[in-house]
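**Student:** One structure is given below, represented as structure tokens, and several questions about it will come after.
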Amino acid sequence: MASEDTPAERRDITVRRAPRYVPFLILGGLVGIIAAAVIAYALPGDASYDPSSVFGFFMVLFGAGGVILGAIAALLLDRLSVRRARHAVVEAVPDTDSDGGPEDGADSGTGPGSRS
């Protein structure tokens with residue numbers, strides 16, 4: 001009866017879908033590495049440079065640039081999710097302990113896994 005006397009606590013919360021940053025960073029880096037491979041091996045270059053060394057140089061530059069662009073894309077999507085956020089009111093429900101119930105570990109034998 002004491003739980004009925006105490007008022008439940010109400011709080012205002014904000015619900016939004018925020019992007020995960022790590023997949024954006026990984027995808028940006030992979031796109032940068034693919035762009036470096038295309039530039040190093042598909043386009044004609046100077047014969048004095050080995051294509052694998054050109055790829056290594058461009059991989060570092062384009063990979064870092066791709067990670068930065070992926071982070072910018074994630075930040076822009078995060079800003080959009082802040083604008084589309086919804087507000088809600090939640091109410092705390094106090095836990096009630098019942099004597100002799102299944103929460104105590106006592107099995108009554110009427111559950112779906114019991115045999116007759």
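The way I read the labels, and the way they are meant: chains A, B, ... in the order of the structure tokens, residue 1 as the first residue of every chain, and ligand 1 as the first ligand shown, with later ones counted on from there.
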With a distance cut-off of 12 Å and only C-alpha atoms, select the neighbouring residues of Ala85 in chain A, excluding the residue or stretch itself and same-chain residues fewer than 3 positions from it, and output the selection as a ChimeraX atom specification.
**Tutor:** /A:13-18,78-82,88
**Student:** For those residues, write N, CA and C atoms to a file as a PDB file, in the first residue's frame.
**Tutor:**
```pdb
ATOM      1  N   ILE A  13      12.170  13.835 -21.454  1.00  0.00           N
ATOM      2  CA  ILE A  13      13.346  13.327 -22.150  1.00  0.00           C
ATOM      3  C   ILE A  13      13.254  13.692 -23.622  1.00  0.00           C
ATOM      4  N   THR A  14      14.372  13.619 -24.304  1.00  0.00           N
ATOM      5  CA  THR A  14      14.442  13.845 -25.738  1.00  0.00           C
ATOM      6  C   THR A  14      14.830  12.531 -26.406  1.00  0.00           C
ATOM      7  N   VAL A  15      14.050  12.125 -27.393  1.00  0.00           N
ATOM      8  CA  VAL A  15      14.309  10.884 -28.110  1.00  0.00           C
ATOM      9  C   VAL A  15      14.719  11.245 -29.531  1.00  0.00           C
ATOM     10  N   ARG A  16      15.880  10.743 -29.946  1.00  0.00           N
ATOM     11  CA  ARG A  16      16.346  11.005 -31.302  1.00  0.00           C
ATOM     12  C   ARG A  16      17.212   9.851 -31.775  1.00  0.00           C
ATOM     13  N   ARG A  17      17.358   9.740 -33.078  1.00  0.00           N
ATOM     14  CA  ARG A  17      18.202   8.717 -33.671  1.00  0.00           C
ATOM     15  C   ARG A  17      19.513   9.362 -34.085  1.00  0.00           C
ATOM     16  N   ALA A  18      20.555   9.080 -33.353  1.00  0.00           N
ATOM     17  CA  ALA A  18      21.866   9.650 -33.645  1.00  0.00           C
ATOM     18  C   ALA A  18      22.697   8.634 -34.429  1.00  0.00           C
ATOM     19  N   ASP A  78      24.035  14.082 -37.531  1.00  0.00           N
ATOM     20  CA  ASP A  78      23.747  14.259 -36.114  1.00  0.00           C
ATOM     21  C   ASP A  78      22.997  15.566 -35.884  1.00  0.00           C
ATOM     22  N   ARG A  79      23.374  16.616 -36.573  1.00  0.00           N
ATOM     23  CA  ARG A  79      22.666  17.897 -36.445  1.00  0.00           C
ATOM     24  C   ARG A  79      21.234  17.772 -36.941  1.00  0.00           C
ATOM     25  N   LEU A  80      21.029  17.027 -38.031  1.00  0.00           N
ATOM     26  CA  LEU A  80      19.670  16.812 -38.526  1.00  0.00           C
ATOM     27  C   LEU A  80      18.834  16.017 -37.526  1.00  0.00           C
ATOM     28  N   SER A  81      19.463  15.067 -36.842  1.00  0.00           N
ATOM     29  CA  SER A  81      18.704  14.275 -35.866  1.00  0.00           C
ATOM     30  C   SER A  81      18.328  15.111 -34.650  1.00  0.00           C
ATOM     31  N   VAL A  82      19.123  16.115 -34.315  1.00  0.00           N
ATOM     32  CA  VAL A  82      18.778  17.007 -33.203  1.00  0.00           C
ATOM     33  C   VAL A  82      17.547  17.825 -33.572  1.00  0.00           C
ATOM     34  N   ALA A  88       9.379  13.590 -24.938  1.00  0.00           N
ATOM     35  CA  ALA A  88       8.444  12.666 -24.297  1.00  0.00           C
ATOM     36  C   ALA A  88       8.543  12.846 -22.786  1.00  0.00           C
TER      37      ALA A  88
END
```
**Student:** Just want the 12 Å neighbourhood of Val38 in chain A, counted on only C-alpha atoms, with same-chain residues fewer than 4 positions away dropped. Output as a ChimeraX atom specification.
**Tutor:** /A:31-34,42-45,51-52,54-55,58-59,62
**Student:** Could you check which of A:Ala40, A:Gly56, A:Glu9, A:Phe24 is closest to Gly70 in chain A, using only C-alpha atoms?
**Tutor:**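 Once distances to Gly70 in chain A are computed over only C-alpha atoms, the minimum belongs to A:Phe24.
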**Student:** My list of candidates is A:Val89, A:Thr96, A:Tyr49, A:Leu69. Which is closest to Arg10 in chain A when distances are computed with only C-alpha atoms?
**Tutor:**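 Closest to Arg10 in chain A of all the choices is A:Val89.
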**Student:** For the atom pair CA of Arg11 in chain A and CA of Val93 in chain A, what is the interatomic distance in Å to one decimal place?
**Tutor:**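 Separation between CA of Arg11 in chain A and CA of Val93 in chain A: 12.0 Å.
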**Student:** If you run DSSP on the backbone, which residues of range 17-105 of chain A are strand (DSSP E), as JSON, numbers by chain?
**Tutor:** {"A": [86, 87, 88, 89, 90, 91]}
**Student:** Between CA of Arg20 in chain A and CA of Leu76 in chain A, what is the spacing in Å?
**Tutor:**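 Pair CA of Leu76 in chain A / CA of Arg20 in chain A returns 12.1 Å.
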**Student:** Record the distance separating CA of Gly66 in chain A and CA of Val22 in chain A, expressed in Å with one decimal.
**Tutor:**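 Straight-line distance from CA of Gly66 in chain A to CA of Val22 in chain A works out to 12.7 Å.
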**Student:** Smallest atom-to-atom distance to Leu30 in chain A: which of A:Val67, A:Ile72, A:Val90, A:Ala47, using only C-alpha atoms?
**Tutor:** A:Val67
